[in-house]
Structures are given as C-alpha cells and as structure tokens.
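**Q** Structure: target07.pdb, PDB, C-alpha atoms.
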```pdb
ATOM      1  CA  MET Q 435     -30.937  32.615 -19.247  1.00  0.00           C
ATOM      2  CA  GLU Q 436     -31.564  29.416 -21.205  1.00  0.00           C
ATOM      3  CA  LEU Q 437     -28.283  29.790 -23.094  1.00  0.00           C
ATOM      4  CA  GLU Q 438     -26.358  30.177 -19.837  1.00  0.00           C
ATOM      5  CA  GLU Q 439     -28.005  27.039 -18.415  1.00  0.00           C
ATOM      6  CA  ASN Q 440     -27.087  25.068 -21.541  1.00  0.00           C
ATOM      7  CA  VAL Q 441     -23.486  26.264 -21.372  1.00  0.00           C
ATOM      8  CA  ASN Q 442     -23.300  25.208 -17.716  1.00  0.00           C
ATOM      9  CA  LYS Q 443     -24.686  21.771 -18.583  1.00  0.00           C
ATOM     10  CA  ILE Q 444     -22.118  21.340 -21.346  1.00  0.00           C
ATOM     11  CA  ASN Q 445     -19.290  22.436 -19.055  1.00  0.00           C
ATOM     12  CA  ASN Q 446     -20.408  20.015 -16.344  1.00  0.00           C
ATOM     13  CA  MET Q 447     -20.633  17.163 -18.868  1.00  0.00           C
ATOM     14  CA  ALA Q 448     -17.124  17.935 -20.092  1.00  0.00           C
ATOM     15  CA  LEU Q 449     -15.758  17.692 -16.555  1.00  0.00           C
ATOM     16  CA  GLU Q 450     -17.234  14.262 -15.830  1.00  0.00           C
ATOM     17  CA  ASN Q 451     -14.510  11.633 -15.696  1.00  0.00           C
ATOM     18  CA  LYS Q 452     -16.085   8.740 -17.568  1.00  0.00           C
ATOM     19  CA  PRO Q 453     -14.355   5.593 -18.828  1.00  0.00           C
ATOM     20  CA  PHE Q 454     -12.319   5.808 -22.031  1.00  0.00           C
ATOM     21  CA  ARG Q 455     -13.115   2.889 -24.350  1.00  0.00           C
ATOM     22  CA  ILE Q 456     -11.802   1.634 -27.674  1.00  0.00           C
ATOM     23  CA  THR Q 457     -13.859  -1.120 -29.307  1.00  0.00           C
ATOM     24  CA  VAL Q 458     -13.352  -3.177 -32.452  1.00  0.00           C
ATOM     25  CA  GLU Q 459     -16.044  -5.385 -33.965  1.00  0.00           C
ATOM     26  CA  HIS Q 460     -14.430  -7.931 -36.231  1.00  0.00           C
ATOM     27  CA  TRP Q 461     -15.671 -11.246 -37.648  1.00  0.00           C
ATOM     28  CA  GLY Q 462     -18.608 -11.411 -35.258  1.00  0.00           C
ATOM     29  CA  GLU Q 463     -16.522 -10.647 -32.167  1.00  0.00           C
ATOM     30  CA  LYS Q 464     -16.300  -7.489 -30.132  1.00  0.00           C
ATOM     31  CA  ILE Q 465     -13.021  -6.595 -28.436  1.00  0.00           C
ATOM     32  CA  THR Q 466     -12.885  -3.661 -26.020  1.00  0.00           C
ATOM     33  CA  VAL Q 467     -10.127  -2.118 -23.954  1.00  0.00           C
ATOM     34  CA  GLU Q 468     -11.082   0.420 -21.323  1.00  0.00           C
ATOM     35  CA  LYS Q 469      -9.549   2.791 -18.802  1.00  0.00           C
ATOM     36  CA  ASP Q 470     -11.592   3.926 -15.824  1.00  0.00           C
ATOM     37  CA  HIS Q 471     -10.853   7.581 -16.578  1.00  0.00           C
ATOM     38  CA  SER Q 472     -11.368   9.735 -19.629  1.00  0.00           C
ATOM     39  CA  ASP Q 473      -8.218  11.823 -19.350  1.00  0.00           C
ATOM     40  CA  VAL Q 474      -5.866   9.182 -20.715  1.00  0.00           C
ATOM     41  CA  THR Q 475      -2.316  10.113 -21.598  1.00  0.00           C
ATOM     42  CA  PHE Q 476      -0.897   9.449 -25.034  1.00  0.00           C
ATOM     43  CA  ASP Q 477       1.215   6.609 -23.573  1.00  0.00           C
ATOM     44  CA  GLU Q 478      -1.907   5.016 -22.066  1.00  0.00           C
ATOM     45  CA  TYR Q 479      -3.660   5.372 -25.422  1.00  0.00           C
ATOM     46  CA  ILE Q 480      -0.811   3.609 -27.238  1.00  0.00           C
ATOM     47  CA  GLU Q 481      -0.825   0.804 -24.644  1.00  0.00           C
ATOM     48  CA  MET Q 482      -4.563   0.408 -25.208  1.00  0.00           C
ATOM     49  CA  LEU Q 483      -3.991   0.162 -28.967  1.00  0.00           C
ATOM     50  CA  ARG Q 484      -1.281  -2.446 -28.382  1.00  0.00           C
ATOM     51  CA  ALA Q 485      -3.641  -4.497 -26.172  1.00  0.00           C
ATOM     52  CA  LEU Q 486      -6.445  -4.144 -28.710  1.00  0.00           C
ATOM     53  CA  SER Q 487      -4.113  -5.273 -31.493  1.00  0.00           C
ATOM     54  CA  ARG Q 488      -3.217  -8.403 -29.494  1.00  0.00           C
ATOM     55  CA  GLY Q 489      -6.917  -8.981 -28.836  1.00  0.00           C
ATOM     56  CA  VAL Q 490      -7.801  -8.994 -32.526  1.00  0.00           C
ATOM     57  CA  GLY Q 491      -5.015 -11.444 -33.253  1.00  0.00           C
ATOM     58  CA  TYR Q 492      -1.968  -9.527 -34.445  1.00  0.00           C
ATOM     59  CA  GLY Q 493       1.327 -11.051 -33.420  1.00  0.00           C
ATOM     60  CA  GLN Q 494       3.716  -9.369 -31.014  1.00  0.00           C
ATOM     61  CA  ASP Q 495       6.354  -8.904 -33.727  1.00  0.00           C
ATOM     62  CA  SER Q 496       3.888  -6.999 -35.923  1.00  0.00           C
ATOM     63  CA  ILE Q 497       2.725  -4.879 -32.998  1.00  0.00           C
ATOM     64  CA  ASP Q 498       6.300  -4.046 -31.993  1.00  0.00           C
ATOM     65  CA  GLU Q 499       7.117  -3.138 -35.590  1.00  0.00           C
ATOM     66  CA  VAL Q 500       4.331  -0.564 -35.700  1.00  0.00           C
ATOM     67  CA  PHE Q 501       4.386   0.747 -32.114  1.00  0.00           C
ATOM     68  CA  GLY Q 502       7.979   0.028 -31.144  1.00  0.00           C
ATOM     69  CA  SER Q 503       9.067  -2.405 -28.493  1.00  0.00           C
TER      70      SER Q 503
END
```
Starting from the file, lay out its structure as structure tokens.
**A**
Amino acid sequence: MELEENVNKINNMALENKPFRITVEHWGEKITVEKDHSDVTFDEYIEMLRALSRGVGYGQDSIDEVFGS
C-alpha cells in the first residue's frame, strides 16, 4: 500500500502546473525569466533564452546570430 501511495504522490506532483524559471547568476547579479506555467513550448523556451541573453548583456545582433531573427 505504501508504494501505491508514493506513486500517487509522484503523479500528483507531476501534474502540478508550477512556474517555469531560468536563472543566471553572473558577476554578483541574478537574472531570471519566468513563465507562469510549467508546460512551456519550445518556442516559449527559446524566447525565454533570448530575453535572458539580453538581460545578461548580449547584444541583439549576437542573439539574432545564434537564435535567428
């Protein structure tokens, strides 16, 4: 019975829709981008990486070169 209860707990945790966060700590600063849901699409993920890249100081030309424009 204990195993079944643990499996149910794990399944319920997996279904919770928590925020999706990407954080960079760099030169004493912390930059975070966040979506309010955990089931982000790949396009949302790339947009988050683009925003994070701007936040840490990369120029738009460099970002577009890596991620496309």
**Q** Residues within 10 Å of Ile465 of chain Q, please, as JSON, numbers by chain. Count all atoms listed in the file; anything in the same chain fewer than 6 positions from it doesn't count.
**A** {"Q": [456, 457, 458, 459, 485, 486, 487, 489, 490]}
**Q** Using the chain letters and numbers from the file, give me the residues hit by the PyMOL selection byres ((chain Q and resi 474-481) around 12), as a tab-separated table (two decimals) with C-alpha atoms, keeping the file's coordinate frame.
**A**
```tsv
chain	number	residue	atom	x	y	z
Q	451	ASN	CA	-14.51	11.63	-15.70
Q	452	LYS	CA	-16.08	8.74	-17.57
Q	453	PRO	CA	-14.36	5.59	-18.83
Q	454	PHE	CA	-12.32	5.81	-22.03
Q	455	ARG	CA	-13.12	2.89	-24.35
Q	456	ILE	CA	-11.80	1.63	-27.67
Q	467	VAL	CA	-10.13	-2.12	-23.95
Q	468	GLU	CA	-11.08	0.42	-21.32
Q	469	LYS	CA	-9.55	2.79	-18.80
Q	470	ASP	CA	-11.59	3.93	-15.82
Q	471	HIS	CA	-10.85	7.58	-16.58
Q	472	SER	CA	-11.37	9.74	-19.63
Q	473	ASP	CA	-8.22	11.82	-19.35
Q	482	MET	CA	-4.56	0.41	-25.21
Q	483	LEU	CA	-3.99	0.16	-28.97
Q	484	ARG	CA	-1.28	-2.45	-28.38
Q	485	ALA	CA	-3.64	-4.50	-26.17
Q	486	LEU	CA	-6.44	-4.14	-28.71
Q	487	SER	CA	-4.11	-5.27	-31.49
Q	488	ARG	CA	-3.22	-8.40	-29.49
Q	497	ILE	CA	2.72	-4.88	-33.00
Q	498	ASP	CA	6.30	-4.05	-31.99
Q	500	VAL	CA	4.33	-0.56	-35.70
Q	501	PHE	CA	4.39	0.75	-32.11
Q	502	GLY	CA	7.98	0.03	-31.14
Q	503	SER	CA	9.07	-2.40	-28.49
```
**Q** Figure out the distance between atom CA of Tyr492 of chain Q and atom CA of Glu463 of chain Q, please, to one decimal in Å.
**A** 14.8 Å
**Q** In Å, with one decimal, what is the gap from atom CA of Gly491 of chain Q to atom CA of His460 of chain Q?
**A**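 A separation of 10.5 Å between them.
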**Q** Select chain Q in the preceding structure and write C-alpha atoms to a file as a compact mmCIF listing (two decimals), in the first residue's frame.
**A**
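Contents of the output file result29.txt:
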```
# COMPACT_ATOMS: atom_id res chain seq x y z
CA MET Q 435 0.00 0.00 0.00
CA GLU Q 436 2.85 2.39 0.79
CA LEU Q 437 4.28 2.03 -2.72
CA GLU Q 438 0.91 2.86 -4.27
CA GLU Q 439 0.60 5.97 -2.08
CA ASN Q 440 4.08 7.12 -3.11
CA VAL Q 441 3.29 6.59 -6.79
CA ASN Q 442 0.10 8.63 -6.40
CA LYS Q 443 2.03 11.44 -4.71
CA ILE Q 444 4.59 11.48 -7.51
CA ASN Q 445 1.87 11.51 -10.16
CA ASN Q 446 0.07 14.39 -8.43
CA MET Q 447 3.33 16.36 -8.15
CA ALA Q 448 4.00 15.83 -11.85
CA LEU Q 449 0.59 17.25 -12.74
CA GLU Q 450 1.01 20.48 -10.77
CA ASN Q 451 1.43 23.43 -13.10
CA LYS Q 452 4.18 25.41 -11.41
CA PRO Q 453 6.17 28.32 -12.86
CA PHE Q 454 9.00 27.54 -15.28
CA ARG Q 455 12.12 29.54 -14.40
CA ILE Q 456 15.55 30.02 -15.93
CA THR Q 457 18.07 31.86 -13.76
CA VAL Q 458 21.63 33.02 -14.37
CA GLU Q 459 23.93 34.28 -11.62
CA HIS Q 460 26.70 36.31 -13.16
CA TRP Q 461 29.11 38.87 -11.69
CA GLY Q 462 27.11 39.24 -8.49
CA GLU Q 463 23.78 39.69 -10.27
CA LYS Q 464 20.90 37.29 -10.65
CA ILE Q 465 18.77 37.42 -13.79
CA THR Q 466 15.60 35.33 -14.00
CA VAL Q 467 12.97 34.87 -16.67
CA GLU Q 468 9.79 33.04 -15.73
CA LYS Q 469 6.58 31.73 -17.24
CA ASP Q 470 3.57 31.16 -15.02
CA HIS Q 471 3.17 27.60 -16.30
CA SER Q 472 5.49 24.63 -16.42
CA ASP Q 473 4.37 23.22 -19.76
CA VAL Q 474 6.26 25.71 -21.90
CA THR Q 475 6.55 25.13 -25.62
CA PHE Q 476 9.91 25.03 -27.35
CA ASP Q 477 9.18 28.46 -28.89
CA GLU Q 478 8.45 29.90 -25.44
CA TYR Q 479 11.68 28.36 -24.16
CA ILE Q 480 13.70 29.97 -26.96
CA GLU Q 481 12.05 33.35 -26.28
CA MET Q 482 12.99 32.99 -22.61
CA LEU Q 483 16.60 32.27 -23.60
CA ARG Q 484 16.59 35.33 -25.86
CA ALA Q 485 15.27 37.52 -23.02
CA LEU Q 486 17.80 36.04 -20.60
CA SER Q 487 20.60 36.71 -23.09
CA ARG Q 488 19.54 40.37 -23.34
CA GLY Q 489 19.37 40.52 -19.54
CA VAL Q 490 22.96 39.38 -19.11
CA GLY Q 491 24.15 41.93 -21.63
CA TYR Q 492 24.49 40.26 -25.02
CA GLY Q 493 23.70 42.50 -27.95
CA GLN Q 494 20.73 41.94 -30.22
CA ASP Q 495 22.97 41.16 -33.21
CA SER Q 496 24.70 38.36 -31.28
CA ILE Q 497 21.39 36.98 -30.05
CA ASP Q 498 19.91 37.02 -33.56
CA GLU Q 499 23.01 35.29 -34.91
CA VAL Q 500 22.58 32.39 -32.50
CA PHE Q 501 18.78 32.15 -32.29
CA GLY Q 502 17.78 33.65 -35.63
CA SER Q 503 15.88 36.86 -36.07
```
